[in-house]
Amino acid sequence: MLKVYRHISEALTLQSAEKKDGRNLLADDLSIIKNAAIVCDDSKIIWVGPDDNLEEKYKRIPSINLTGKVITPALVDSHTHIVFAGNRANEYADRLNGVDYQLIANRGGGILFTMSQTRKATRSELFDLAKKRIETLMSYGVKTIEIKSGYALNYDKEKELSEIIFDLKNYFKKLNILIFNTFLAAHAIPTEYKNSEAYLDSVVLPLLTDLAKRKIIDAVDIFHEQKYFTTSDTEKLFKHAHTLNIPVKIHADEFNDNKGAILATKYNALSADHLLCTGKDGILALANSKTVATLLPGTGFFLGKNQANARAFLDSGVKVALASDFNPGSCHCDNLLLLASISGPQYKMNLAEIWSAITLNASHALGLKNQGAIIPGFDAKFSIFDCETVSEITYNWGKNLYSKVF
Ligand SMILES: [Zn+2]
């Protein structure tokens, strides 16, 4: 069925940003159309332009009047860890009292604490917890969500987590929400295994084969870091994923410059994420690749660490995305709009860079081709906001202007 939106105060199309592949963006690359009209059917955008230029045949169709509203490409949260049980509020309090994240991990906190809570939870409890969290993300205008497994760390329960994400994907498809299922069994090393390689060989690799053959998962990820998974583990996993035609992603260079960004480009990763410690060589490798650099402003902010050097990535022509990293430990924040607001002054990003990072570039971080810009032929996925200009959305930081009506 055709839908016609008319008299939109501002339509953020990102048409110019899309032409530039989301790189080296200037303010004008927002490609805003004032008093705009958009025509789409149930799946694709058919026409976009100034309302004055709308063709007569579309003017005859009953339209939705968006005077006083802004329309943007639907938001994409391309890095979340939504399926887990329990919370880590105590640990947060410890951290504020000066206890280091690594020390918390060493004494059984961190990922391993969430693992114990997640293992105890039933399948339906985990589904319901995740469903509620997804609904909160949706309340900010997010319509594509990447979800990682990785809080069970044994064969059977990790399998269940990937299956739960698959179930969520099917459930939310009916609501026009796209869930992207990332397999992150290589998230931490459970104490049952003597080292990372033993865990990788016994659990991660065989489970990956099983899930890939059943077409449950969309990508593979790994926590590449000292005391977690080594470069050789990562290469072994990536090579195996490639034989199964599954694209790869990586948690890279978060605590140290481990050359994770370079590794990502070597294996054509969809994205390399975190990147707080990436050196010049890693930034150059990313600039010369299709791999998206996904920066996670909430995590550095919440842990009180130095942030990634976003300008170094942006000024080198790297394609940068922003995501929430919503998880129970290092970033218990599901509000992508708030994190986008913080990224302006924290990362010194202009609005074209910010908006591209939470729509177009974030969709590329999931290997999606026809999302993240308002262009004829692209998917008809929009977010509508209760304000008259694009600037107002992130200017009102901490306030949710996403329209609940449309
Ligand atoms: Zn993560």
# chains A, B, ... in the order shown; residues from 1 in each chain; ligands from 1
$ residues_near_ligand --ligand "ligand 1" --cutoff "7 Å" --atoms "only C-alpha atoms and all ligand atoms" --output "PyMOL selection string"
chain A and resi 79-81+251+325
$ residues_around --residues "Ser162 (chain A)" --least-positions-apart "2" --cutoff "8 Å" --atoms "only C-alpha atoms" --output "list in words"
Ser149, Glu158, Lys159, Glu160, Ile164, Ile165, Phe166, Asn181, Thr182, Phe183, Leu211, Ile216 and Ile217 of chain A
$ select_by_dssp --residues "region 152-399 of chain A" --states "helix (DSSP H, G or I)" --output "ChimeraX atom specification"
/A:155-173,196-213,231-243,260-266,280-287,297-303,310-315,336-347,351-357,360-364,390-395
$ residues_around --residues "Gly22 (chain A)" --least-positions-apart "6" --cutoff "7 Å" --atoms "only C-alpha atoms" --output "list of chain:residue names"
A:Lys319, A:Ser356, A:Leu360, A:Asn361
$ write_last_selection --atoms "all heavy atoms" --output "PDB file, in the first residue's frame"
ATOM      1  N   LYS A 319      35.238   5.047   8.057  1.00  0.00           N
ATOM      2  CA  LYS A 319      33.784   5.061   8.196  1.00  0.00           C
ATOM      3  C   LYS A 319      33.462   4.755   9.663  1.00  0.00           C
ATOM      4  O   LYS A 319      33.775   3.670  10.150  1.00  0.00           O
ATOM      5  CB  LYS A 319      33.176   4.001   7.278  1.00  0.00           C
ATOM      6  CG  LYS A 319      31.709   4.224   7.041  1.00  0.00           C
ATOM      7  CD  LYS A 319      31.019   3.180   6.207  1.00  0.00           C
ATOM      8  CE  LYS A 319      31.806   2.566   5.084  1.00  0.00           C
ATOM      9  NZ  LYS A 319      30.921   1.792   4.173  1.00  0.00           N
ATOM     10  N   SER A 356      25.004  10.091  10.529  1.00  0.00           N
ATOM     11  CA  SER A 356      25.433   8.991   9.667  1.00  0.00           C
ATOM     12  C   SER A 356      25.889   7.808  10.534  1.00  0.00           C
ATOM     13  O   SER A 356      25.654   6.643  10.199  1.00  0.00           O
ATOM     14  CB  SER A 356      26.574   9.475   8.776  1.00  0.00           C
ATOM     15  OG  SER A 356      26.807   8.545   7.774  1.00  0.00           O
ATOM     16  N   LEU A 360      23.242   5.344   8.662  1.00  0.00           N
ATOM     17  CA  LEU A 360      23.894   4.783   7.464  1.00  0.00           C
ATOM     18  C   LEU A 360      25.112   3.912   7.788  1.00  0.00           C
ATOM     19  O   LEU A 360      25.190   2.740   7.395  1.00  0.00           O
ATOM     20  CB  LEU A 360      24.311   5.946   6.552  1.00  0.00           C
ATOM     21  CG  LEU A 360      24.980   5.563   5.245  1.00  0.00           C
ATOM     22  CD1 LEU A 360      23.978   4.968   4.289  1.00  0.00           C
ATOM     23  CD2 LEU A 360      25.643   6.789   4.609  1.00  0.00           C
ATOM     24  N   ASN A 361      26.064   4.499   8.511  1.00  0.00           N
ATOM     25  CA  ASN A 361      27.304   3.762   8.779  1.00  0.00           C
ATOM     26  C   ASN A 361      27.049   2.567   9.701  1.00  0.00           C
ATOM     27  O   ASN A 361      27.691   1.520   9.562  1.00  0.00           O
ATOM     28  CB  ASN A 361      28.359   4.688   9.398  1.00  0.00           C
ATOM     29  CG  ASN A 361      28.820   5.751   8.403  1.00  0.00           C
ATOM     30  OD1 ASN A 361      28.301   5.837   7.292  1.00  0.00           O
ATOM     31  ND2 ASN A 361      29.778   6.562   8.800  1.00  0.00           N
TER      32      ASN A 361
END
$ closest_residue --among "A:Val203, A:Ala272, A:Ala74, A:Ile262" --to "Leu336 (chain A)" --atoms "only C-alpha atoms"
A:Ala74
$ select_by_dssp --residues "region 191-268 of chain A" --states "strand (DSSP E or B)" --output "ChimeraX atom specification"
/A:219-224,229,248-252
$ residues_around --residues "Met115 (chain A)" --least-positions-apart "5" --cutoff "9 Å" --atoms "only C-alpha atoms" --output "PDB file with all heavy atoms, in the first residue's frame"
ATOM      1  N   PHE A  84      20.800 -11.137  28.747  1.00  0.00           N
ATOM      2  CA  PHE A  84      21.504 -11.497  29.984  1.00  0.00           C
ATOM      3  C   PHE A  84      20.526 -11.438  31.147  1.00  0.00           C
ATOM      4  O   PHE A  84      19.437 -10.869  31.033  1.00  0.00           O
ATOM      5  CB  PHE A  84      22.686 -10.539  30.242  1.00  0.00           C
ATOM      6  CG  PHE A  84      22.266  -9.101  30.464  1.00  0.00           C
ATOM      7  CD1 PHE A  84      21.918  -8.629  31.729  1.00  0.00           C
ATOM      8  CD2 PHE A  84      22.193  -8.209  29.405  1.00  0.00           C
ATOM      9  CE1 PHE A  84      21.519  -7.309  31.932  1.00  0.00           C
ATOM     10  CE2 PHE A  84      21.788  -6.875  29.598  1.00  0.00           C
ATOM     11  CZ  PHE A  84      21.462  -6.431  30.860  1.00  0.00           C
ATOM     12  N   ALA A  85      20.933 -12.034  32.262  1.00  0.00           N
ATOM     13  CA  ALA A  85      20.118 -11.947  33.483  1.00  0.00           C
ATOM     14  C   ALA A  85      20.940 -11.268  34.580  1.00  0.00           C
ATOM     15  O   ALA A  85      22.172 -11.261  34.529  1.00  0.00           O
ATOM     16  CB  ALA A  85      19.698 -13.344  33.925  1.00  0.00           C
ATOM     17  N   GLY A 110      32.351  -8.939  36.933  1.00  0.00           N
ATOM     18  CA  GLY A 110      32.413  -8.710  35.497  1.00  0.00           C
ATOM     19  C   GLY A 110      31.593  -9.722  34.718  1.00  0.00           C
ATOM     20  O   GLY A 110      30.552 -10.199  35.164  1.00  0.00           O
ATOM     21  N   LYS A 120      21.704 -19.531  35.064  1.00  0.00           N
ATOM     22  CA  LYS A 120      20.598 -19.940  35.962  1.00  0.00           C
ATOM     23  C   LYS A 120      19.232 -19.612  35.385  1.00  0.00           C
ATOM     24  O   LYS A 120      18.233 -20.218  35.767  1.00  0.00           O
ATOM     25  CB  LYS A 120      20.741 -19.200  37.308  1.00  0.00           C
ATOM     26  CG  LYS A 120      21.722 -19.854  38.267  1.00  0.00           C
ATOM     27  CD  LYS A 120      21.630 -19.152  39.617  1.00  0.00           C
ATOM     28  CE  LYS A 120      23.016 -18.752  40.076  1.00  0.00           C
ATOM     29  NZ  LYS A 120      23.033 -17.732  41.099  1.00  0.00           N
ATOM     30  N   GLY A 150      26.866 -14.522  24.326  1.00  0.00           N
ATOM     31  CA  GLY A 150      28.152 -14.427  24.994  1.00  0.00           C
ATOM     32  C   GLY A 150      28.150 -14.338  26.501  1.00  0.00           C
ATOM     33  O   GLY A 150      29.194 -14.072  27.108  1.00  0.00           O
ATOM     34  N   TYR A 151      26.985 -14.548  27.132  1.00  0.00           N
ATOM     35  CA  TYR A 151      26.976 -14.530  28.600  1.00  0.00           C
ATOM     36  C   TYR A 151      26.701 -15.906  29.205  1.00  0.00           C
ATOM     37  O   TYR A 151      26.333 -15.997  30.377  1.00  0.00           O
ATOM     38  CB  TYR A 151      25.962 -13.518  29.117  1.00  0.00           C
ATOM     39  CG  TYR A 151      26.424 -12.089  28.985  1.00  0.00           C
ATOM     40  CD1 TYR A 151      25.731 -11.167  28.221  1.00  0.00           C
ATOM     41  CD2 TYR A 151      27.580 -11.657  29.644  1.00  0.00           C
ATOM     42  CE1 TYR A 151      26.153  -9.858  28.099  1.00  0.00           C
ATOM     43  CE2 TYR A 151      28.017 -10.343  29.528  1.00  0.00           C
ATOM     44  CZ  TYR A 151      27.304  -9.453  28.760  1.00  0.00           C
ATOM     45  OH  TYR A 151      27.737  -8.164  28.656  1.00  0.00           O
ATOM     46  N   ALA A 152      26.859 -16.976  28.412  1.00  0.00           N
ATOM     47  CA  ALA A 152      26.658 -18.308  28.977  1.00  0.00           C
ATOM     48  C   ALA A 152      27.976 -19.081  29.009  1.00  0.00           C
ATOM     49  O   ALA A 152      28.292 -19.757  29.987  1.00  0.00           O
ATOM     50  CB  ALA A 152      25.622 -19.072  28.175  1.00  0.00           C
ATOM     51  N   LEU A 153      28.737 -19.000  27.938  1.00  0.00           N
ATOM     52  CA  LEU A 153      30.092 -19.549  27.898  1.00  0.00           C
ATOM     53  C   LEU A 153      30.166 -21.056  28.141  1.00  0.00           C
ATOM     54  O   LEU A 153      31.151 -21.549  28.682  1.00  0.00           O
ATOM     55  CB  LEU A 153      31.017 -18.788  28.879  1.00  0.00           C
ATOM     56  CG  LEU A 153      31.021 -17.255  28.726  1.00  0.00           C
ATOM     57  CD1 LEU A 153      31.913 -16.614  29.784  1.00  0.00           C
ATOM     58  CD2 LEU A 153      31.488 -16.819  27.342  1.00  0.00           C
ATOM     59  N   PRO A 190      35.646 -19.118  30.402  1.00  0.00           N
ATOM     60  CA  PRO A 190      35.103 -19.634  31.665  1.00  0.00           C
ATOM     61  C   PRO A 190      36.192 -20.384  32.425  1.00  0.00           C
ATOM     62  O   PRO A 190      37.122 -20.937  31.827  1.00  0.00           O
ATOM     63  CB  PRO A 190      33.983 -20.577  31.214  1.00  0.00           C
ATOM     64  CG  PRO A 190      34.294 -20.927  29.799  1.00  0.00           C
ATOM     65  CD  PRO A 190      35.087 -19.804  29.226  1.00  0.00           C
TER      66      PRO A 190
END
$ decode --residues "region 256-299 of chain A" --atoms "N, CA and C atoms" --output "PDB file, in the first residue's frame"
ATOM      1  N   ASN A 256      44.247  -2.127  25.295  1.00  0.00           N
ATOM      2  CA  ASN A 256      45.627  -2.011  24.796  1.00  0.00           C
ATOM      3  C   ASN A 256      45.584  -1.925  23.272  1.00  0.00           C
ATOM      4  N   ASP A 257      46.656  -1.419  22.679  1.00  0.00           N
ATOM      5  CA  ASP A 257      46.740  -1.447  21.214  1.00  0.00           C
ATOM      6  C   ASP A 257      47.249  -2.836  20.806  1.00  0.00           C
ATOM      7  N   ASN A 258      46.294  -3.749  20.610  1.00  0.00           N
ATOM      8  CA  ASN A 258      46.641  -5.146  20.284  1.00  0.00           C
ATOM      9  C   ASN A 258      46.677  -5.406  18.780  1.00  0.00           C
ATOM     10  N   LYS A 259      46.602  -4.338  17.994  1.00  0.00           N
ATOM     11  CA  LYS A 259      46.563  -4.443  16.520  1.00  0.00           C
ATOM     12  C   LYS A 259      45.278  -5.156  16.055  1.00  0.00           C
ATOM     13  N   GLY A 260      44.227  -4.994  16.852  1.00  0.00           N
ATOM     14  CA  GLY A 260      42.942  -5.612  16.508  1.00  0.00           C
ATOM     15  C   GLY A 260      42.304  -4.978  15.281  1.00  0.00           C
ATOM     16  N   ALA A 261      42.498  -3.667  15.108  1.00  0.00           N
ATOM     17  CA  ALA A 261      41.909  -2.990  13.940  1.00  0.00           C
ATOM     18  C   ALA A 261      42.544  -3.541  12.658  1.00  0.00           C
ATOM     19  N   ILE A 262      43.850  -3.764  12.704  1.00  0.00           N
ATOM     20  CA  ILE A 262      44.558  -4.294  11.522  1.00  0.00           C
ATOM     21  C   ILE A 262      44.057  -5.713  11.220  1.00  0.00           C
ATOM     22  N   LEU A 263      43.892  -6.476  12.275  1.00  0.00           N
ATOM     23  CA  LEU A 263      43.380  -7.850  12.127  1.00  0.00           C
ATOM     24  C   LEU A 263      41.977  -7.825  11.482  1.00  0.00           C
ATOM     25  N   ALA A 264      41.177  -6.873  11.907  1.00  0.00           N
ATOM     26  CA  ALA A 264      39.816  -6.745  11.359  1.00  0.00           C
ATOM     27  C   ALA A 264      39.866  -6.547   9.845  1.00  0.00           C
ATOM     28  N   THR A 265      40.731  -5.667   9.403  1.00  0.00           N
ATOM     29  CA  THR A 265      40.782  -5.363   7.960  1.00  0.00           C
ATOM     30  C   THR A 265      41.325  -6.561   7.181  1.00  0.00           C
ATOM     31  N   LYS A 266      42.237  -7.295   7.792  1.00  0.00           N
ATOM     32  CA  LYS A 266      42.799  -8.483   7.123  1.00  0.00           C
ATOM     33  C   LYS A 266      41.709  -9.509   6.803  1.00  0.00           C
ATOM     34  N   TYR A 267      40.690  -9.575   7.656  1.00  0.00           N
ATOM     35  CA  TYR A 267      39.614 -10.550   7.453  1.00  0.00           C
ATOM     36  C   TYR A 267      38.309  -9.882   6.990  1.00  0.00           C
ATOM     37  N   ASN A 268      38.431  -8.673   6.399  1.00  0.00           N
ATOM     38  CA  ASN A 268      37.247  -7.954   5.891  1.00  0.00           C
ATOM     39  C   ASN A 268      36.115  -7.910   6.901  1.00  0.00           C
ATOM     40  N   ALA A 269      36.448  -7.640   8.147  1.00  0.00           N
ATOM     41  CA  ALA A 269      35.417  -7.595   9.193  1.00  0.00           C
ATOM     42  C   ALA A 269      34.372  -6.529   8.851  1.00  0.00           C
ATOM     43  N   LEU A 270      33.117  -6.796   9.207  1.00  0.00           N
ATOM     44  CA  LEU A 270      32.074  -5.785   9.029  1.00  0.00           C
ATOM     45  C   LEU A 270      32.402  -4.562   9.877  1.00  0.00           C
ATOM     46  N   SER A 271      32.890  -4.829  11.091  1.00  0.00           N
ATOM     47  CA  SER A 271      33.248  -3.709  11.963  1.00  0.00           C
ATOM     48  C   SER A 271      34.317  -4.121  12.949  1.00  0.00           C
ATOM     49  N   ALA A 272      35.066  -3.118  13.396  1.00  0.00           N
ATOM     50  CA  ALA A 272      35.962  -3.260  14.549  1.00  0.00           C
ATOM     51  C   ALA A 272      35.429  -2.290  15.585  1.00  0.00           C
ATOM     52  N   ASP A 273      35.230  -2.768  16.812  1.00  0.00           N
ATOM     53  CA  ASP A 273      34.483  -1.982  17.793  1.00  0.00           C
ATOM     54  C   ASP A 273      35.321  -1.667  19.040  1.00  0.00           C
ATOM     55  N   HIS A 274      35.047  -0.554  19.654  1.00  0.00           N
ATOM     56  CA  HIS A 274      35.727   0.036  20.824  1.00  0.00           C
ATOM     57  C   HIS A 274      36.858   0.949  20.363  1.00  0.00           C
ATOM     58  N   LEU A 275      38.051   0.386  20.060  1.00  0.00           N
ATOM     59  CA  LEU A 275      39.146   1.120  19.421  1.00  0.00           C
ATOM     60  C   LEU A 275      39.681   2.284  20.262  1.00  0.00           C
ATOM     61  N   LEU A 276      39.670   2.145  21.575  1.00  0.00           N
ATOM     62  CA  LEU A 276      40.160   3.231  22.434  1.00  0.00           C
ATOM     63  C   LEU A 276      41.675   3.412  22.333  1.00  0.00           C
ATOM     64  N   CYS A 277      42.381   2.311  22.025  1.00  0.00           N
ATOM     65  CA  CYS A 277      43.846   2.370  22.051  1.00  0.00           C
ATOM     66  C   CYS A 277      44.482   2.155  20.672  1.00  0.00           C
ATOM     67  N   THR A 278      43.672   2.161  19.625  1.00  0.00           N
ATOM     68  CA  THR A 278      44.191   1.885  18.276  1.00  0.00           C
ATOM     69  C   THR A 278      45.243   2.914  17.867  1.00  0.00           C
ATOM     70  N   GLY A 279      46.359   2.415  17.341  1.00  0.00           N
ATOM     71  CA  GLY A 279      47.439   3.301  16.898  1.00  0.00           C
ATOM     72  C   GLY A 279      47.196   3.799  15.480  1.00  0.00           C
ATOM     73  N   LYS A 280      48.147   4.635  15.014  1.00  0.00           N
ATOM     74  CA  LYS A 280      48.023   5.239  13.674  1.00  0.00           C
ATOM     75  C   LYS A 280      47.945   4.175  12.593  1.00  0.00           C
ATOM     76  N   ASP A 281      48.702   3.084  12.770  1.00  0.00           N
ATOM     77  CA  ASP A 281      48.711   2.029  11.738  1.00  0.00           C
ATOM     78  C   ASP A 281      47.328   1.376  11.622  1.00  0.00           C
ATOM     79  N   GLY A 282      46.655   1.211  12.756  1.00  0.00           N
ATOM     80  CA  GLY A 282      45.313   0.616  12.752  1.00  0.00           C
ATOM     81  C   GLY A 282      44.304   1.548  12.087  1.00  0.00           C
ATOM     82  N   ILE A 283      44.444   2.840  12.375  1.00  0.00           N
ATOM     83  CA  ILE A 283      43.518   3.828  11.790  1.00  0.00           C
ATOM     84  C   ILE A 283      43.705   3.871  10.270  1.00  0.00           C
ATOM     85  N   LEU A 284      44.956   3.822   9.834  1.00  0.00           N
ATOM     86  CA  LEU A 284      45.242   3.829   8.392  1.00  0.00           C
ATOM     87  C   LEU A 284      44.676   2.577   7.714  1.00  0.00           C
ATOM     88  N   ALA A 285      44.836   1.444   8.377  1.00  0.00           N
ATOM     89  CA  ALA A 285      44.305   0.191   7.814  1.00  0.00           C
ATOM     90  C   ALA A 285      42.785   0.282   7.663  1.00  0.00           C
ATOM     91  N   LEU A 286      42.118   0.839   8.674  1.00  0.00           N
ATOM     92  CA  LEU A 286      40.654   0.985   8.598  1.00  0.00           C
ATOM     93  C   LEU A 286      40.248   1.954   7.482  1.00  0.00           C
ATOM     94  N   ALA A 287      41.013   3.051   7.349  1.00  0.00           N
ATOM     95  CA  ALA A 287      40.684   4.048   6.315  1.00  0.00           C
ATOM     96  C   ALA A 287      40.743   3.432   4.927  1.00  0.00           C
ATOM     97  N   ASN A 288      41.640   2.477   4.728  1.00  0.00           N
ATOM     98  CA  ASN A 288      41.800   1.845   3.415  1.00  0.00           C
ATOM     99  C   ASN A 288      40.956   0.584   3.262  1.00  0.00           C
ATOM    100  N   SER A 289      39.945   0.435   4.124  1.00  0.00           N
ATOM    101  CA  SER A 289      39.147  -0.790   4.080  1.00  0.00           C
ATOM    102  C   SER A 289      37.657  -0.435   4.107  1.00  0.00           C
ATOM    103  N   LYS A 290      36.835  -1.474   3.998  1.00  0.00           N
ATOM    104  CA  LYS A 290      35.386  -1.263   4.126  1.00  0.00           C
ATOM    105  C   LYS A 290      34.940  -1.465   5.570  1.00  0.00           C
ATOM    106  N   THR A 291      35.830  -1.910   6.427  1.00  0.00           N
ATOM    107  CA  THR A 291      35.472  -2.188   7.824  1.00  0.00           C
ATOM    108  C   THR A 291      35.066  -0.901   8.541  1.00  0.00           C
ATOM    109  N   VAL A 292      33.924  -0.942   9.194  1.00  0.00           N
ATOM    110  CA  VAL A 292      33.419   0.227   9.927  1.00  0.00           C
ATOM    111  C   VAL A 292      34.065   0.260  11.311  1.00  0.00           C
ATOM    112  N   ALA A 293      34.481   1.449  11.734  1.00  0.00           N
ATOM    113  CA  ALA A 293      34.978   1.633  13.105  1.00  0.00           C
ATOM    114  C   ALA A 293      33.790   2.001  13.976  1.00  0.00           C
ATOM    115  N   THR A 294      33.388   1.099  14.856  1.00  0.00           N
ATOM    116  CA  THR A 294      32.242   1.387  15.715  1.00  0.00           C
ATOM    117  C   THR A 294      32.738   1.881  17.072  1.00  0.00           C
ATOM    118  N   LEU A 295      32.460   3.135  17.354  1.00  0.00           N
ATOM    119  CA  LEU A 295      32.876   3.728  18.628  1.00  0.00           C
ATOM    120  C   LEU A 295      31.697   3.662  19.595  1.00  0.00           C
ATOM    121  N   LEU A 296      32.042   3.436  20.869  1.00  0.00           N
ATOM    122  CA  LEU A 296      31.010   3.178  21.873  1.00  0.00           C
ATOM    123  C   LEU A 296      31.171   4.204  22.999  1.00  0.00           C
ATOM    124  N   PRO A 297      30.644   5.412  22.783  1.00  0.00           N
ATOM    125  CA  PRO A 297      30.926   6.511  23.721  1.00  0.00           C
ATOM    126  C   PRO A 297      30.467   6.236  25.139  1.00  0.00           C
ATOM    127  N   GLY A 298      29.388   5.459  25.303  1.00  0.00           N
ATOM    128  CA  GLY A 298      28.856   5.204  26.641  1.00  0.00           C
ATOM    129  C   GLY A 298      29.824   4.411  27.502  1.00  0.00           C
ATOM    130  N   THR A 299      30.579   3.531  26.894  1.00  0.00           N
ATOM    131  CA  THR A 299      31.444   2.629  27.659  1.00  0.00           C
ATOM    132  C   THR A 299      32.630   3.371  28.272  1.00  0.00           C
TER     133      THR A 299
END
